[in-house]
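Below is my_file_4.cif, holding mmCIF, C-alpha atoms.
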```
data_data
#
loop_
_atom_site.label_atom_id
_atom_site.label_comp_id
_atom_site.auth_asym_id
_atom_site.auth_seq_id
_atom_site.Cartn_x
_atom_site.Cartn_y
_atom_site.Cartn_z
CA MET H 365 11.15 -0.63 -0.97
CA SER H 366 14.88 0.01 -0.67
CA ARG H 367 14.84 1.70 -4.10
CA LYS H 368 12.20 4.16 -2.92
CA ARG H 369 14.12 5.01 0.22
CA SER H 370 17.46 5.59 -1.48
CA GLU H 371 15.94 7.94 -4.06
CA ASN H 372 14.50 10.15 -1.38
CA GLU H 373 17.36 10.05 1.06
CA SER H 374 19.73 11.23 -1.61
CA ASP H 375 17.75 14.31 -2.65
CA SER H 376 16.21 15.49 0.60
CA GLY H 377 19.22 17.10 2.27
CA PRO H 378 20.60 15.71 5.52
CA LEU H 379 19.84 12.07 6.10
CA THR H 380 17.03 11.45 8.59
CA PRO H 381 16.99 8.19 10.56
CA VAL H 382 14.39 5.82 9.15
CA ASP H 383 13.24 2.36 10.16
CA ARG H 384 13.66 -0.66 7.90
CA LEU H 385 10.38 0.13 6.08
CA GLY H 386 11.28 3.73 5.26
CA PHE H 387 9.33 5.56 7.96
CA LEU H 388 10.97 8.35 9.91
CA LYS H 389 12.04 7.19 13.34
CA GLN H 390 10.00 9.08 15.89
CA GLU H 391 10.71 9.94 19.49
CA HIS H 392 9.83 7.47 22.22
CA GLY H 393 10.18 4.63 19.75
CA ASN H 394 6.73 5.23 18.26
CA SER H 395 7.66 4.41 14.69
CA PRO H 396 5.01 2.86 12.41
CA GLU H 397 7.32 -0.16 12.33
CA ARG H 398 6.53 -1.04 15.93
CA PHE H 399 7.49 -4.68 15.88
CA SER H 400 10.97 -4.36 14.41
CA SER H 401 12.48 -6.41 17.22
CA LYS H 402 10.52 -9.41 15.99
CA SER H 403 10.73 -8.76 12.26
CA ARG H 404 14.38 -7.69 11.93
CA LEU H 405 16.89 -10.45 11.34
CA THR H 406 18.98 -10.67 14.49
CA SER H 407 21.23 -13.67 13.94
CA SER H 408 22.79 -15.83 11.29
CA THR H 409 20.11 -18.44 12.03
CA ASP H 410 17.37 -15.90 11.32
CA HIS H 411 19.14 -14.86 8.14
CA ASP H 412 19.46 -18.45 6.94
CA ARG H 413 15.81 -19.09 7.68
CA GLU H 414 14.77 -16.03 5.69
CA GLU H 415 17.00 -17.05 2.79
CA ARG H 416 15.39 -20.50 2.70
CA LYS H 417 11.97 -18.87 2.71
CA VAL H 418 12.89 -16.62 -0.22
CA ARG H 419 14.26 -19.59 -2.19
CA LYS H 420 11.02 -21.51 -1.66
CA TRP H 421 9.01 -18.54 -2.88
CA ARG H 422 11.23 -18.00 -5.93
CA LYS H 423 10.80 -21.65 -6.89
CA MET H 424 7.05 -21.36 -6.42
CA ILE H 425 6.77 -18.19 -8.51
CA GLY H 426 9.22 -18.95 -11.32
CA VAL H 427 11.00 -16.32 -13.38
CA GLY H 428 8.79 -13.25 -13.54
CA GLY H 429 5.85 -15.25 -12.22
CA SER H 430 5.95 -17.84 -15.00
CA ASP H 431 5.23 -20.81 -12.71
CA TRP H 432 2.72 -19.15 -10.39
CA LYS H 433 -0.61 -20.27 -11.86
CA HIS H 434 0.62 -23.82 -12.30
CA TYR H 435 1.82 -24.01 -8.70
CA VAL H 436 -1.43 -22.53 -7.35
CA ARG H 437 -3.45 -25.15 -9.22
CA ARG H 438 -1.24 -28.00 -7.98
CA LYS H 439 -0.77 -26.94 -4.36
CA PRO H 440 -3.38 -24.35 -3.34
CA ASN H 441 -3.14 -25.22 0.36
CA VAL H 442 0.64 -24.75 0.37
CA VAL H 443 0.24 -21.35 -1.29
CA LYS H 444 -2.43 -20.30 1.21
CA ARG H 445 -0.30 -21.38 4.16
CA ARG H 446 2.80 -19.57 2.91
CA ILE H 447 0.89 -16.37 2.19
CA ARG H 448 -0.59 -16.41 5.68
CA ARG H 449 2.90 -16.74 7.12
CA GLY H 450 3.95 -13.62 5.21
CA ILE H 451 5.28 -12.99 1.72
CA PRO H 452 9.02 -12.14 1.65
CA ASP H 453 9.34 -8.39 1.40
CA CYS H 454 11.68 -8.57 -1.59
CA LEU H 455 9.01 -10.48 -3.56
CA ARG H 456 5.90 -8.82 -2.17
CA GLY H 457 5.26 -6.45 -5.09
CA LEU H 458 5.39 -9.20 -7.71
CA VAL H 459 3.32 -11.64 -5.67
CA TRP H 460 0.66 -9.03 -4.97
CA GLN H 461 0.30 -8.48 -8.71
CA LEU H 462 0.03 -12.21 -9.33
CA ILE H 463 -2.56 -12.99 -6.66
CA SER H 464 -4.70 -9.93 -7.45
CA GLY H 465 -4.98 -10.54 -11.17
CA SER H 466 -3.49 -7.12 -11.94
CA ARG H 467 -0.59 -8.51 -13.95
CA ASP H 468 -3.06 -9.91 -16.49
CA LEU H 469 -4.89 -6.56 -16.69
CA LEU H 470 -1.60 -4.78 -17.34
CA LEU H 471 -0.67 -7.13 -20.17
CA MET H 472 -4.12 -6.82 -21.76
CA ASN H 473 -4.10 -3.01 -21.70
CA PRO H 474 -0.79 -1.71 -23.09
CA GLY H 475 -0.52 2.06 -23.22
CA VAL H 476 -3.79 2.71 -21.38
CA TYR H 477 -2.19 4.05 -18.20
CA GLU H 478 0.02 6.48 -20.13
CA GLN H 479 -3.03 7.72 -22.03
CA LEU H 480 -4.95 8.35 -18.80
CA VAL H 481 -2.09 10.20 -17.13
CA ILE H 482 -0.88 12.35 -20.02
CA TYR H 483 -3.84 13.05 -22.24
CA GLU H 484 -6.91 13.03 -19.97
CA THR H 485 -8.15 15.51 -17.39
CA SER H 486 -9.98 14.76 -14.16
CA ALA H 487 -12.55 16.72 -12.19
CA SER H 488 -10.85 15.41 -9.03
CA GLU H 489 -7.39 16.87 -9.67
CA LEU H 490 -7.62 19.63 -7.05
CA ASP H 491 -8.98 17.23 -4.42
CA ILE H 492 -6.13 14.80 -5.10
CA ILE H 493 -3.52 17.57 -4.85
CA ARG H 494 -5.04 18.73 -1.55
CA ASP H 495 -4.84 15.26 -0.01
CA ILE H 496 -1.45 14.11 -1.33
CA SER H 497 0.55 15.34 1.67
CA ARG H 498 -1.78 13.50 4.08
CA THR H 499 -0.85 10.08 2.71
CA PHE H 500 1.91 8.37 4.72
CA PRO H 501 3.46 11.76 5.62
CA SER H 502 6.14 10.11 7.76
CA HIS H 503 7.44 7.90 4.94
CA VAL H 504 10.47 9.26 3.10
CA PHE H 505 9.05 8.37 -0.31
CA PHE H 506 6.04 10.65 0.13
CA GLN H 507 7.52 13.31 2.39
CA LYS H 508 9.05 15.67 -0.13
CA ARG H 509 6.57 18.18 -1.57
CA HIS H 510 6.21 17.54 -5.32
CA GLY H 511 8.85 14.82 -4.96
CA PRO H 512 8.79 11.51 -6.86
CA GLY H 513 6.51 9.82 -4.34
CA GLN H 514 3.88 12.55 -4.35
CA ARG H 515 4.03 12.80 -8.15
CA SER H 516 3.55 9.05 -8.53
CA LEU H 517 0.66 9.05 -6.09
CA TYR H 518 -1.00 11.92 -7.91
CA ASN H 519 -0.62 10.17 -11.27
CA VAL H 520 -2.14 6.90 -10.07
CA LEU H 521 -5.11 8.56 -8.35
CA LYS H 522 -5.73 10.92 -11.25
CA ALA H 523 -5.57 8.05 -13.74
CA TYR H 524 -8.10 6.03 -11.77
CA SER H 525 -10.46 8.99 -11.40
CA VAL H 526 -10.49 9.23 -15.20
CA TYR H 527 -10.66 5.47 -15.76
CA ASP H 528 -13.77 5.18 -13.58
CA ARG H 529 -15.52 8.53 -13.50
CA ASP H 530 -18.47 7.09 -11.56
CA VAL H 531 -16.17 6.46 -8.60
CA GLY H 532 -13.71 9.27 -9.31
CA TYR H 533 -11.58 9.93 -6.27
CA VAL H 534 -12.22 9.49 -2.54
CA GLN H 535 -9.63 10.34 0.11
CA GLY H 536 -9.26 6.80 1.48
CA MET H 537 -8.04 5.60 -1.92
CA GLY H 538 -4.79 7.49 -1.36
CA PHE H 539 -3.63 5.14 1.36
CA ILE H 540 -4.26 2.11 -0.81
CA ALA H 541 -2.48 3.60 -3.80
CA GLY H 542 0.35 4.80 -1.55
CA LEU H 543 0.84 1.35 -0.06
CA LEU H 544 1.00 -0.20 -3.51
CA LEU H 545 3.51 2.37 -4.77
CA LEU H 546 5.98 1.33 -2.08
CA TYR H 547 6.19 -2.06 -3.77
CA MET H 548 5.70 -1.48 -7.49
CA SER H 549 5.75 1.02 -10.34
CA GLU H 550 3.03 3.56 -11.06
CA GLU H 551 1.50 1.52 -13.85
CA ASP H 552 1.57 -1.69 -11.82
CA ALA H 553 -0.03 0.11 -8.84
CA PHE H 554 -2.74 1.55 -11.09
CA TRP H 555 -3.75 -1.83 -12.48
CA LEU H 556 -3.75 -3.39 -9.03
CA LEU H 557 -6.09 -0.61 -7.91
CA VAL H 558 -8.31 -1.41 -10.90
CA ALA H 559 -8.21 -5.13 -10.06
CA LEU H 560 -9.36 -4.42 -6.52
CA LEU H 561 -12.11 -1.94 -7.27
CA LYS H 562 -13.45 -3.81 -10.29
CA GLY H 563 -13.16 -7.28 -8.77
CA ALA H 564 -10.65 -9.10 -10.96
CA VAL H 565 -10.42 -11.96 -8.44
CA HIS H 566 -12.60 -11.15 -5.43
CA SER H 567 -15.73 -9.06 -4.87
CA PRO H 568 -15.41 -5.52 -6.30
CA MET H 569 -14.37 -2.83 -3.82
CA GLU H 570 -15.74 0.13 -5.74
CA GLY H 571 -18.80 0.31 -3.46
CA LEU H 572 -16.48 1.44 -0.68
CA TYR H 573 -15.92 4.69 -2.55
CA GLN H 574 -19.14 5.35 -4.44
CA ALA H 575 -21.54 8.09 -3.34
CA GLY H 576 -23.04 7.20 0.01
CA LEU H 577 -20.37 4.51 0.60
CA PRO H 578 -22.91 1.67 0.14
CA LEU H 579 -20.44 -1.15 0.63
CA VAL H 580 -19.05 0.44 3.80
CA GLN H 581 -22.56 0.58 5.23
CA LYS H 582 -23.15 -3.06 4.32
CA TYR H 583 -19.89 -4.25 5.87
CA LEU H 584 -20.41 -2.23 9.06
CA SER H 585 -23.88 -3.71 9.47
CA GLN H 586 -22.48 -7.21 9.02
CA LEU H 587 -19.67 -6.50 11.49
CA GLU H 588 -22.16 -5.27 14.09
CA GLN H 589 -24.16 -8.48 13.72
CA LEU H 590 -21.04 -10.64 14.01
CA VAL H 591 -19.98 -8.84 17.20
CA ARG H 592 -23.41 -9.51 18.72
CA GLU H 593 -23.25 -13.18 17.78
CA LEU H 594 -19.61 -13.94 18.59
CA MET H 595 -19.12 -11.59 21.55
CA PRO H 596 -22.62 -11.00 22.96
CA LYS H 597 -21.41 -9.35 26.16
CA LEU H 598 -19.39 -6.79 24.19
CA GLY H 599 -22.23 -6.34 21.71
CA GLU H 600 -24.63 -5.55 24.55
CA HIS H 601 -22.11 -3.13 26.07
CA PHE H 602 -21.81 -1.34 22.72
CA THR H 603 -25.60 -1.02 22.60
CA GLN H 604 -25.76 0.37 26.12
CA GLU H 605 -23.04 2.91 25.37
CA MET H 606 -24.61 3.70 21.96
CA ILE H 607 -21.48 2.64 20.06
CA ASN H 608 -21.86 1.45 16.47
CA PRO H 609 -19.15 0.28 14.05
CA SER H 610 -19.30 3.48 11.98
CA MET H 611 -17.69 5.21 14.96
CA TYR H 612 -14.53 3.07 14.92
CA ALA H 613 -14.38 0.59 12.03
CA SER H 614 -15.05 2.50 8.79
CA GLN H 615 -11.33 2.95 8.06
CA TRP H 616 -10.74 -0.76 8.56
CA PHE H 617 -12.67 -1.40 5.36
CA ILE H 618 -11.98 1.81 3.42
CA THR H 619 -8.19 1.49 3.71
CA VAL H 620 -7.88 -2.21 4.63
CA PHE H 621 -5.93 -1.36 7.80
CA SER H 622 -3.37 0.74 5.94
CA TYR H 623 -4.34 3.85 7.95
CA SER H 624 -3.27 4.31 11.59
CA PHE H 625 -2.09 0.72 11.91
CA PRO H 626 1.46 -0.58 12.37
CA PHE H 627 2.85 -0.89 8.87
CA SER H 628 4.36 -4.34 9.36
CA SER H 629 0.93 -5.57 10.44
CA SER H 630 -0.74 -3.82 7.50
CA LEU H 631 1.55 -5.64 5.07
CA ARG H 632 0.74 -9.06 6.54
CA ILE H 633 -2.98 -8.26 6.39
CA TRP H 634 -2.64 -7.14 2.78
CA ASP H 635 -0.88 -10.37 1.85
CA VAL H 636 -3.97 -12.29 2.96
CA PHE H 637 -6.49 -9.70 1.76
CA LEU H 638 -5.24 -9.89 -1.83
CA SER H 639 -5.26 -13.67 -1.69
CA GLU H 640 -8.46 -14.41 0.21
CA GLY H 641 -10.61 -11.27 -0.04
CA VAL H 642 -12.45 -9.01 2.37
CA ASN H 643 -13.20 -11.70 4.96
CA ILE H 644 -9.77 -11.11 6.49
CA VAL H 645 -10.82 -7.53 7.32
CA PHE H 646 -13.75 -8.88 9.33
CA LYS H 647 -11.51 -11.48 10.96
CA VAL H 648 -8.84 -8.97 11.97
CA GLY H 649 -11.39 -6.50 13.28
CA LEU H 650 -13.10 -9.18 15.33
CA ALA H 651 -9.72 -10.44 16.56
CA LEU H 652 -8.84 -6.95 17.84
CA LEU H 653 -12.14 -6.77 19.72
CA LYS H 654 -11.75 -10.28 21.07
CA TYR H 655 -8.20 -9.68 22.26
CA CYS H 656 -9.29 -6.56 24.16
CA HIS H 657 -12.73 -7.88 25.10
CA ASP H 658 -12.32 -8.03 28.87
CA ASP H 659 -11.08 -4.44 29.01
CA LEU H 660 -13.58 -3.01 26.54
CA VAL H 661 -16.67 -4.29 28.37
CA LYS H 662 -15.67 -2.28 31.47
CA LEU H 663 -15.21 1.11 29.81
CA PRO H 664 -17.68 4.01 29.72
CA PHE H 665 -18.38 5.82 26.44
CA GLU H 666 -15.48 8.27 26.17
CA GLU H 667 -12.84 5.80 27.33
CA LEU H 668 -14.37 3.12 25.11
CA MET H 669 -14.16 5.33 22.03
CA HIS H 670 -10.53 6.13 22.80
CA ALA H 671 -9.72 2.44 23.22
CA LEU H 672 -11.42 1.49 19.95
CA ARG H 673 -9.32 4.05 18.08
CA ASN H 674 -6.07 3.29 19.93
CA PHE H 675 -5.59 -0.43 20.35
CA PRO H 676 -2.59 -1.51 22.45
CA GLU H 677 0.57 -2.44 20.56
CA ASP H 678 0.50 -6.07 21.67
CA ALA H 679 -3.00 -6.43 20.17
CA MET H 680 -1.71 -5.25 16.77
CA ASP H 681 1.39 -7.46 16.71
CA PRO H 682 0.86 -9.59 13.56
CA ASP H 683 2.31 -12.70 15.22
CA THR H 684 -0.42 -12.41 17.86
CA LEU H 685 -3.25 -10.84 15.90
CA LEU H 686 -3.28 -12.92 12.73
CA PRO H 687 -3.37 -16.43 14.31
CA LEU H 688 -6.31 -15.22 16.40
CA ALA H 689 -7.96 -13.79 13.27
CA TYR H 690 -7.52 -17.07 11.37
CA SER H 691 -9.28 -18.93 14.19
CA ILE H 692 -12.44 -16.82 13.80
CA LYS H 693 -14.81 -18.36 11.26
CA VAL H 694 -16.98 -15.86 9.41
CA SER H 695 -17.30 -17.03 5.79
CA LYS H 696 -20.45 -19.10 6.20
CA ARG H 697 -22.22 -16.49 8.32
CA LEU H 698 -21.31 -13.65 5.93
CA GLU H 699 -22.69 -15.66 3.02
CA GLU H 700 -25.92 -16.23 4.95
CA MET H 701 -26.20 -12.50 5.65
CA LYS H 702 -25.60 -11.76 1.98
CA GLN H 703 -28.35 -14.14 0.92
CA ASP H 704 -30.77 -12.76 3.53
CA SER H 705 -30.05 -9.22 2.32
CA GLU H 706 -30.61 -10.18 -1.31
CA LYS H 707 -33.94 -11.79 -0.43
CA ALA H 708 -35.02 -8.73 1.54
CA THR H 709 -34.21 -6.32 -1.28
CA ALA H 710 -35.59 -8.47 -4.10
CA LYS H 711 -38.55 -6.83 -5.80
CA PRO H 712 -41.82 -8.78 -5.53
CA ALA H 713 -43.15 -10.16 -8.75
CA ASN H 714 -45.78 -8.08 -10.50
CA PRO H 715 -49.27 -9.37 -9.72
CA VAL H 716 -51.08 -11.13 -12.53
CA GLN H 717 -53.67 -8.88 -14.15
CA LEU H 718 -56.98 -10.67 -14.59
#
```
Please re-express this file's structure in structure tokens.
Amino acid sequence: MSRKRSENESDSGPLTPVDRLGFLKQEHGNSPERFSSKSRLTSSTDHDREERKVRKWRKMIGVGGSDWKHYVRRKPNVVKRRIRRGIPDCLRGLVWQLISGSRDLLLMNPGVYEQLVIYETSASELDIIRDISRTFPSHVFFQKRHGPGQRSLYNVLKAYSVYDRDVGYVQGMGFIAGLLLLYMSEEDAFWLLVALLKGAVHSPMEGLYQAGLPLVQKYLSQLEQLVRELMPKLGEHFTQEMINPSMYASQWFITVFSYSFPFSSSLRIWDVFLSEGVNIVFKVGLALLKYCHDDLVKLPFEELMHALRNFPEDAMDPDTLLPLAYSIKVSKRLEEMKQDSEKATAKPANPVQL
């Protein structure tokens, strides 16, 4: 990310104070990097610990990722544990490509991205241009109008809208593409977007962006059921106040917590999301509700809606939120819901004609 910051600081006039992740420092300390006191290295001991962590990861990955698949096969539990603790920022872009399967897609499709960007046209081009400035507007890489960040974001989104014309472009995709561009090149970000939406490793995400947002509706329904089962008092309170997940949780799934969430927390969630799949989105959402449970059940409608859209900073601290999320078990129940849904929608066999 340091490369992105230096490019923009040098060509944007007077230097503006930014936090360690490249976001403009705002008044009252309300920077997207809200947990810098915990995440910034503050002593030689912290620095040494981080250096040891990076060395372990480099050994695990190998040169250019050459040892990754072998290590994952030999020690999957070690890999899972290290990812959950957080991927070193200097290696995050490479590791994301390895765990998502996008590196393989890139190697199997040479020249495809260039073809999509240069020689194809998209029906979504005007929509993409309209939304570009709304994506991470406080990050220096995307702040300059028609600057390198906005151009890269446009190219990736345009290329995908051509690559998959059935999905095309939906606004929430900009935050995902923008997040990826802070850690990798345009072409790498494009193929990671393809890997996610087409399901190279985990379930395809394209249903989040198709007409009618079918996968969003499915996930919100499942989340509502999980809240009722795991936090019945809160679930009943939501019913009484006529609150449903579409009123507060849609962006959790559409942008995987990359929108209106502390960026350091978003990165830690994305580490796990790319490795383990969408279940972490359910876990984090439920962890937020559980952490704030005792306050939420007391609030009337308007205050409740405000609270669900503005969680307290301590609830979003990754060192607090993620351990709580990991403790919430949802995989078995989500699989049961999936099977029940498939049975309910299965067409009955045609009756035998006598």
Inset, instruction - Any chance you could resolve the PyMOL selection byres ((chain H and resi 695) around 12) against this file and give the residues as a ChimeraX atom specification? - result: /H:586,590,640-647,690-694,696-702
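Here CA of Gln479 (chain H) stands at a distance of 15.1 Å from CA of Arg529 (chain H).
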Inset, instruction - Pull the neighbourhood of (-4.9, 7.4, -3.3) for me: all residues within 8 Å in file coordinates, counting all atoms listed in the file, as number ranges by chain. - result: H: 492, 496, 499, 517-518, 520-521, 533-542
Inset, instruction - Please identify all polymer residues within 10 Å of region 608-625 of chain H, counting all atoms listed in the file, omitting same-chain residues fewer than 3 positions from it, and present them as a PyMOL selection string. - result: chain H and resi 396-398+499-500+534-543+569+571-573+577+579-581+583-588+591+599+602-603+605+628-631+633-634+637+642+644-646+648-649+669-675+677+680
What lies within 8 Å of region 546-561 of chain H using only C-alpha atoms, ignoring chain neighbours under 3 positions off, as a PDB file with C-alpha atoms, keeping the file's coordinate frame?
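Just written: part_7.pdb:
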```pdb
ATOM      1  CA  MET H 365      11.150  -0.630  -0.970  1.00  0.00           C
ATOM      2  CA  LYS H 368      12.200   4.160  -2.920  1.00  0.00           C
ATOM      3  CA  ARG H 456       5.900  -8.820  -2.170  1.00  0.00           C
ATOM      4  CA  GLY H 457       5.260  -6.450  -5.090  1.00  0.00           C
ATOM      5  CA  LEU H 458       5.390  -9.200  -7.710  1.00  0.00           C
ATOM      6  CA  GLN H 461       0.300  -8.480  -8.710  1.00  0.00           C
ATOM      7  CA  SER H 464      -4.700  -9.930  -7.450  1.00  0.00           C
ATOM      8  CA  GLY H 465      -4.980 -10.540 -11.170  1.00  0.00           C
ATOM      9  CA  SER H 466      -3.490  -7.120 -11.940  1.00  0.00           C
ATOM     10  CA  ARG H 467      -0.590  -8.510 -13.950  1.00  0.00           C
ATOM     11  CA  LEU H 469      -4.890  -6.560 -16.690  1.00  0.00           C
ATOM     12  CA  LEU H 470      -1.600  -4.780 -17.340  1.00  0.00           C
ATOM     13  CA  TYR H 477      -2.190   4.050 -18.200  1.00  0.00           C
ATOM     14  CA  PHE H 505       9.050   8.370  -0.310  1.00  0.00           C
ATOM     15  CA  SER H 516       3.550   9.050  -8.530  1.00  0.00           C
ATOM     16  CA  LEU H 517       0.660   9.050  -6.090  1.00  0.00           C
ATOM     17  CA  ASN H 519      -0.620  10.170 -11.270  1.00  0.00           C
ATOM     18  CA  VAL H 520      -2.140   6.900 -10.070  1.00  0.00           C
ATOM     19  CA  LEU H 521      -5.110   8.560  -8.350  1.00  0.00           C
ATOM     20  CA  ALA H 523      -5.570   8.050 -13.740  1.00  0.00           C
ATOM     21  CA  TYR H 524      -8.100   6.030 -11.770  1.00  0.00           C
ATOM     22  CA  ILE H 540      -4.260   2.110  -0.810  1.00  0.00           C
ATOM     23  CA  ALA H 541      -2.480   3.600  -3.800  1.00  0.00           C
ATOM     24  CA  GLY H 542       0.350   4.800  -1.550  1.00  0.00           C
ATOM     25  CA  LEU H 543       0.840   1.350  -0.060  1.00  0.00           C
ATOM     26  CA  ALA H 564     -10.650  -9.100 -10.960  1.00  0.00           C
ATOM     27  CA  VAL H 565     -10.420 -11.960  -8.440  1.00  0.00           C
ATOM     28  CA  HIS H 566     -12.600 -11.150  -5.430  1.00  0.00           C
ATOM     29  CA  PRO H 568     -15.410  -5.520  -6.300  1.00  0.00           C
ATOM     30  CA  MET H 569     -14.370  -2.830  -3.820  1.00  0.00           C
ATOM     31  CA  GLU H 570     -15.740   0.130  -5.740  1.00  0.00           C
TER      32      GLU H 570
END
```
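The spacing separating CA of Arg632 (chain H) from CA of Ser502 (chain H) amounts to 20.0 Å.
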Legend entry - Which of H:Gln514, H:Glu666, H:Phe627, H:Ile425 sits closest to Asp495 (chain H) [using all atoms listed in the file]: H:Gln514
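Interatomic distance, CA of Leu544 (chain H) to CA of Lys433 (chain H): 21.8 Å.
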Inset, instruction - Return as a ChimeraX atom specification the set of residues that the PyMOL selection byres ((chain H and resi 455) around 12) yields on the displayed structure. - result: /H:365,417-429,447,450-454,456-462,547-548,635
Inset, instruction - For the file shown, report as a PyMOL selection string the outcome of the PyMOL selection byres ((chain H and resi 597) around 12) at residue level. - result: chain H and resi 591-596+598-604+653-654+657-662
Legend entry - Residue nearest Ala651 (chain H) among H:Ile463, H:Val442, H:Leu685, H:Leu663 (counting all atoms listed in the file): H:Leu685
